[in-house]
Amino acid sequence: MKFHINLLEEFGAHLLTGLVSQGIEMLIEQIEHRWLAAFERTFALCKVQPNEVVALLTESQSRRVNVDLARLALQQMGAKVFEVCLPTPALNAPAPIRSTGATDVIQNLAPVVAALQRAHLIIDCTVEGMLHAPELPTILKGADGVVPRLFMISNEHPEILERTVPNPALEAVVRNAMKKLRGTQHMHVTSKVGTDLNIQLKSAVVGGVWGFCAKPGMVSHWPGGLALAFPAAGSVNGILVMAPGDVNLTFKRYLRDTIHLTIENDTIVRIEGQGVDVDMMRSYYQAWIDKEGHRDACAVSHVGFGLNPAARWDAMTFYDKRDCNGTELRAFAGNFLYSTGANEVAGRHTLGHFDLPMRHCSIALDDQFVVQEGELVKGVFESAAS
Ligand SMILES: [Fe+2]
């Protein structure tokens, strides 16, 4: 008996040594005081008040530790919390879907919409998030004199959330970037590896996220810190070159290969290059083209840049895929974020979505550089928002 126990202990020790030597540190999902504190700090920025009614929107596939951390933090702050937990719906897509920001978990269920409309704050712990969910506009109209605000907690391990607790100073920076984008006619993106992309922003719809939401009707997510625009139809033309180290967040993968994308009239018409990254991108797009009979999944969804100095480009390498959703990489300061898929402003609807943050790009807004070779130009967005 003793022999067996020793054997087990030894085996366990070897297993642990093996994992550590591979650089894999196992993260446990449980309530930790420091994570509770991070949730409380973030909810304080959302101005959670005692006796506010807060809805926790969850689904059967939600990361339970975040749901529990949210509930406990909110209760600690004196809020009145209730949870709406829905079954995660069946897949109706030809391929796995990731990071769309458009959960279909509510399925337009009227009692759910009615309950959420009457909450002061909705904490969105759905896997994909409510940002582009079809029910969101109706929910945000509110009811019975209440207008809710919605705060999405990205499906990340709490350690990622702890590292990216929102910085209140980001609000002014993001607001300034949004203002600048709204006044811009033309975005020009270039890079030393060959990107040369022209984006017309006239009639684009601009958005931005600084990582907390304090006012009724607002929507935000954690981690935050980016500004973006959904261009109107027929706005994007040129060459986009993705280099090793750039990221495909749908695949949660750093590229090892170089991918040359030719974009005409919003749509990727050629994917050139060699290697598995190129093949995977082609095959995922093809799944949507085959299923939908059009190329909307290959067309531009949104363009923008990261503004959060606390968000790390290299963060994803520290986590197992199941531990992260990659929202941090959408926000790292100085990235160029190009995304393909649904774009309501251009009248395109698809569930195929790529978020592609890139390093070392230069971004000019009406000939003024705001990002140069992957670095935010100092002073452009820092002044107080007006
Ligand atoms: Fe996106």
# chains A, B, ... in the order shown; residues from 1 in each chain; ligands from 1
call {"tool": "residues_around", "arguments": {"residues": "segment 163-167 of chain A", "least_positions_apart": "4", "cutoff": "9 Å", "atoms": "only C-alpha atoms", "output": "ChimeraX atom specification"}}
result
/A:38-39,41-42,45,158-159,171,210-212,222-225,308,310-311,328
call {"tool": "residues_around", "arguments": {"residues": "Gly142 of chain A", "least_positions_apart": "3", "cutoff": "9 Å", "atoms": "only C-alpha atoms", "output": "ChimeraX atom specification"}}
result
/A:114,116-120,138-139,145-148,217
call {"tool": "select_by_dssp", "arguments": {"residues": "segment 37-258 of chain A", "states": "strand (DSSP E)", "output": "ChimeraX atom specification"}}
result
/A:53-59,80-86,121-124,149-153,186-191,196-200,205-209,219-222,226-230,236-242,247-248,253-254
call {"tool": "residues_around", "arguments": {"residues": "Gln200 of chain A", "least_positions_apart": "2", "cutoff": "10 Å", "atoms": "only C-alpha atoms", "output": "list in words"}}
result
Thr184, Gln185, His186, Met187, His188, Asn198, Lys202, Ser203, Ala204, Pro231, Ala232, Ala233, Gly234, Ser235, Val236, Asn237 and Asp366 of chain A
call {"tool": "residues_around", "arguments": {"residues": "Gly379 of chain A", "least_positions_apart": "5", "cutoff": "12 Å", "atoms": "only C-alpha atoms", "output": "ChimeraX atom specification"}}
result
/A:173,176-177,369-371,384
call {"tool": "closest_atom_pairs", "arguments": {"of": "chain A", "to": "ligand 1", "cutoff": "12 Å", "atoms": "only C-alpha atoms and all ligand atoms", "output": "tab-separated table"}}
result
residue	atom	partner	partner_atom_place_in_ligand_line	distance
A:Arg98	CA	ligand 1	1 (Fe)	9.8
A:Ser99	CA	ligand 1	1 (Fe)	6.8
A:Thr100	CA	ligand 1	1 (Fe)	6.1
A:Gly101	CA	ligand 1	1 (Fe)	7.0
A:Ala102	CA	ligand 1	1 (Fe)	9.7
A:Glu128	CA	ligand 1	1 (Fe)	10.9
A:Gly129	CA	ligand 1	1 (Fe)	11.3
A:Leu131	CA	ligand 1	1 (Fe)	10.0
A:His132	CA	ligand 1	1 (Fe)	9.8
A:Gly207	CA	ligand 1	1 (Fe)	11.6
A:Leu226	CA	ligand 1	1 (Fe)	11.3
A:Ala227	CA	ligand 1	1 (Fe)	11.6
A:Leu228	CA	ligand 1	1 (Fe)	9.5
A:Ala229	CA	ligand 1	1 (Fe)	10.7
A:Phe230	CA	ligand 1	1 (Fe)	10.1
A:Asn248	CA	ligand 1	1 (Fe)	11.0
A:Leu249	CA	ligand 1	1 (Fe)	9.1
A:Thr250	CA	ligand 1	1 (Fe)	9.3
A:Ala297	CA	ligand 1	1 (Fe)	11.9
A:Val300	CA	ligand 1	1 (Fe)	10.0
A:Ser301	CA	ligand 1	1 (Fe)	7.1
A:His302	CA	ligand 1	1 (Fe)	6.7
A:Val303	CA	ligand 1	1 (Fe)	8.8
A:Gly304	CA	ligand 1	1 (Fe)	10.0
A:Phe305	CA	ligand 1	1 (Fe)	11.7
A:Asn325	CA	ligand 1	1 (Fe)	11.8
A:Gly326	CA	ligand 1	1 (Fe)	10.9
A:Thr327	CA	ligand 1	1 (Fe)	9.4
A:Leu329	CA	ligand 1	1 (Fe)	11.4
A:Arg330	CA	ligand 1	1 (Fe)	8.4
A:Ala331	CA	ligand 1	1 (Fe)	11.3
A:Leu337	CA	ligand 1	1 (Fe)	8.6
A:Tyr338	CA	ligand 1	1 (Fe)	8.2
A:Ser339	CA	ligand 1	1 (Fe)	5.5
A:Thr340	CA	ligand 1	1 (Fe)	7.4
A:Gly341	CA	ligand 1	1 (Fe)	7.9
A:Ala342	CA	ligand 1	1 (Fe)	8.7
A:Asn343	CA	ligand 1	1 (Fe)	9.8
A:Leu351	CA	ligand 1	1 (Fe)	10.8
A:Gly352	CA	ligand 1	1 (Fe)	10.2
A:His353	CA	ligand 1	1 (Fe)	6.7
A:Phe354	CA	ligand 1	1 (Fe)	6.5
A:Asp355	CA	ligand 1	1 (Fe)	4.9
A:Leu356	CA	ligand 1	1 (Fe)	8.4
A:Pro357	CA	ligand 1	1 (Fe)	9.9
call {"tool": "write_last_selection", "arguments": {"atoms": "N, CA and C atoms", "output": "compact mmCIF listing (two decimals), in the first residue's frame"}}
result
# COMPACT_ATOMS: atom_id res chain seq x y z
N ARG A 98 -16.07 31.76 -32.59
CA ARG A 98 -15.41 32.37 -31.45
C ARG A 98 -15.40 33.88 -31.59
N SER A 99 -15.55 34.54 -30.46
CA SER A 99 -15.28 35.98 -30.38
C SER A 99 -16.11 36.82 -31.33
N THR A 100 -17.37 36.49 -31.47
CA THR A 100 -18.23 37.30 -32.33
C THR A 100 -18.81 38.49 -31.58
N GLY A 101 -18.90 38.39 -30.27
CA GLY A 101 -19.58 39.44 -29.50
C GLY A 101 -21.07 39.45 -29.76
N ALA A 102 -21.57 38.36 -30.30
CA ALA A 102 -22.99 38.31 -30.68
C ALA A 102 -23.61 36.99 -30.21
N GLU A 128 -20.07 34.42 -25.57
CA GLU A 128 -19.73 35.29 -26.70
C GLU A 128 -19.94 36.76 -26.40
N GLY A 129 -20.83 37.06 -25.49
CA GLY A 129 -21.09 38.46 -25.14
C GLY A 129 -22.27 39.04 -25.90
N LEU A 131 -22.56 42.22 -27.00
CA LEU A 131 -22.25 43.50 -27.66
C LEU A 131 -23.03 43.68 -28.96
N HIS A 132 -23.14 42.61 -29.73
CA HIS A 132 -23.83 42.71 -31.02
C HIS A 132 -25.05 41.77 -31.06
N GLY A 207 -16.97 53.38 -32.51
CA GLY A 207 -17.20 52.87 -31.15
C GLY A 207 -15.90 52.92 -30.36
N LEU A 226 -9.87 50.28 -26.45
CA LEU A 226 -9.66 50.36 -27.90
C LEU A 226 -10.70 51.28 -28.52
N ALA A 227 -10.37 51.76 -29.71
CA ALA A 227 -11.30 52.58 -30.48
C ALA A 227 -11.41 51.93 -31.86
N LEU A 228 -12.62 51.94 -32.41
CA LEU A 228 -12.81 51.27 -33.69
C LEU A 228 -13.92 51.94 -34.50
N ALA A 229 -13.96 51.55 -35.76
CA ALA A 229 -14.99 52.08 -36.66
C ALA A 229 -15.51 50.95 -37.54
N PHE A 230 -16.81 50.97 -37.75
CA PHE A 230 -17.45 50.05 -38.70
C PHE A 230 -17.67 50.83 -40.00
N ASN A 248 -4.31 35.80 -34.96
CA ASN A 248 -5.68 35.49 -35.34
C ASN A 248 -6.40 35.08 -34.06
N LEU A 249 -7.27 35.97 -33.56
CA LEU A 249 -7.87 35.71 -32.25
C LEU A 249 -9.01 34.71 -32.30
N THR A 250 -9.57 34.46 -33.46
CA THR A 250 -10.57 33.41 -33.56
C THR A 250 -9.90 32.06 -33.35
N ALA A 297 -18.41 36.97 -44.92
CA ALA A 297 -17.47 36.65 -43.84
C ALA A 297 -16.06 37.14 -44.15
N VAL A 300 -14.85 43.43 -44.54
CA VAL A 300 -14.45 44.13 -43.32
C VAL A 300 -15.62 44.25 -42.34
N SER A 301 -15.33 43.97 -41.09
CA SER A 301 -16.28 44.21 -40.02
C SER A 301 -15.94 45.54 -39.37
N HIS A 302 -14.79 45.58 -38.69
CA HIS A 302 -14.38 46.85 -38.06
C HIS A 302 -12.87 47.02 -38.18
N VAL A 303 -12.44 48.29 -38.07
CA VAL A 303 -11.01 48.64 -38.08
C VAL A 303 -10.76 49.56 -36.89
N GLY A 304 -9.57 49.47 -36.32
CA GLY A 304 -9.31 50.36 -35.19
C GLY A 304 -7.94 50.10 -34.61
N PHE A 305 -7.76 50.56 -33.37
CA PHE A 305 -6.45 50.39 -32.75
C PHE A 305 -6.58 50.29 -31.24
N ASN A 325 -9.92 34.43 -23.76
CA ASN A 325 -10.75 34.77 -24.91
C ASN A 325 -10.00 35.74 -25.82
N GLY A 326 -8.89 36.28 -25.33
CA GLY A 326 -8.04 37.12 -26.17
C GLY A 326 -8.45 38.58 -26.25
N THR A 327 -9.41 38.99 -25.43
CA THR A 327 -9.85 40.39 -25.52
C THR A 327 -8.69 41.35 -25.21
N LEU A 329 -5.73 41.15 -26.20
CA LEU A 329 -4.91 41.40 -27.40
C LEU A 329 -5.59 42.32 -28.41
N ARG A 330 -6.92 42.48 -28.26
CA ARG A 330 -7.59 43.47 -29.10
C ARG A 330 -7.23 44.88 -28.64
N ALA A 331 -6.75 44.99 -27.41
CA ALA A 331 -6.61 46.31 -26.79
C ALA A 331 -5.17 46.76 -26.58
N LEU A 337 -6.07 46.86 -35.42
CA LEU A 337 -7.02 45.75 -35.33
C LEU A 337 -7.90 45.75 -36.57
N TYR A 338 -7.70 44.73 -37.40
CA TYR A 338 -8.54 44.56 -38.59
C TYR A 338 -9.43 43.36 -38.36
N SER A 339 -10.72 43.53 -38.62
CA SER A 339 -11.65 42.43 -38.37
C SER A 339 -12.55 42.21 -39.56
N THR A 340 -12.84 40.95 -39.81
CA THR A 340 -13.76 40.61 -40.89
C THR A 340 -15.00 39.94 -40.30
N GLY A 341 -16.11 40.13 -41.01
CA GLY A 341 -17.36 39.51 -40.57
C GLY A 341 -18.50 40.51 -40.56
N ALA A 342 -19.45 40.28 -39.66
CA ALA A 342 -20.68 41.09 -39.65
C ALA A 342 -20.38 42.58 -39.53
N ASN A 343 -21.08 43.36 -40.31
CA ASN A 343 -20.96 44.82 -40.24
C ASN A 343 -22.32 45.40 -40.59
N LEU A 351 -21.96 35.02 -39.12
CA LEU A 351 -21.36 34.70 -37.82
C LEU A 351 -19.87 34.41 -37.93
N GLY A 352 -19.36 34.35 -39.16
CA GLY A 352 -17.92 34.14 -39.33
C GLY A 352 -17.17 35.43 -39.01
N HIS A 353 -16.30 35.39 -38.03
CA HIS A 353 -15.66 36.64 -37.57
C HIS A 353 -14.21 36.39 -37.22
N PHE A 354 -13.34 37.22 -37.77
CA PHE A 354 -11.93 37.21 -37.39
C PHE A 354 -11.56 38.55 -36.75
N ASP A 355 -10.92 38.53 -35.61
CA ASP A 355 -10.26 39.72 -35.08
C ASP A 355 -8.77 39.50 -35.24
N LEU A 356 -8.12 40.42 -35.93
CA LEU A 356 -6.72 40.22 -36.34
C LEU A 356 -5.85 41.38 -35.87
N PRO A 357 -5.41 41.38 -34.62
CA PRO A 357 -4.53 42.46 -34.18
C PRO A 357 -3.12 42.31 -34.76
call {"tool": "closest_residue", "arguments": {"among": "A:Thr350, A:Gln76, A:Asn155, A:Asn265", "to": "Ala37 of chain A", "atoms": "only C-alpha atoms"}}
result
A:Gln76
call {"tool": "closest_residue", "arguments": {"among": "A:Met242, A:Ser154, A:Arg312, A:Leu307", "to": "Val278 of chain A", "atoms": "only C-alpha atoms"}}
result
A:Met242
call {"tool": "residues_around", "arguments": {"residues": "Glu40 of chain A", "least_positions_apart": "4", "cutoff": "8 Å", "atoms": "only C-alpha atoms", "output": "list in words"}}
result
Leu36, Ala44, Ala73, Leu74 and Met77 of chain A
call {"tool": "write_last_selection", "arguments": {"atoms": "C-alpha atoms", "output": "compact mmCIF listing (two decimals), in the first residue's frame"}}
result
# COMPACT_ATOMS: atom_id res chain seq x y z
CA LEU A 36 -12.86 39.40 -5.59
CA ALA A 44 -16.85 50.57 -8.33
CA ALA A 73 -18.51 41.31 -5.28
CA LEU A 74 -21.89 42.85 -6.11
CA MET A 77 -21.25 46.29 -2.44
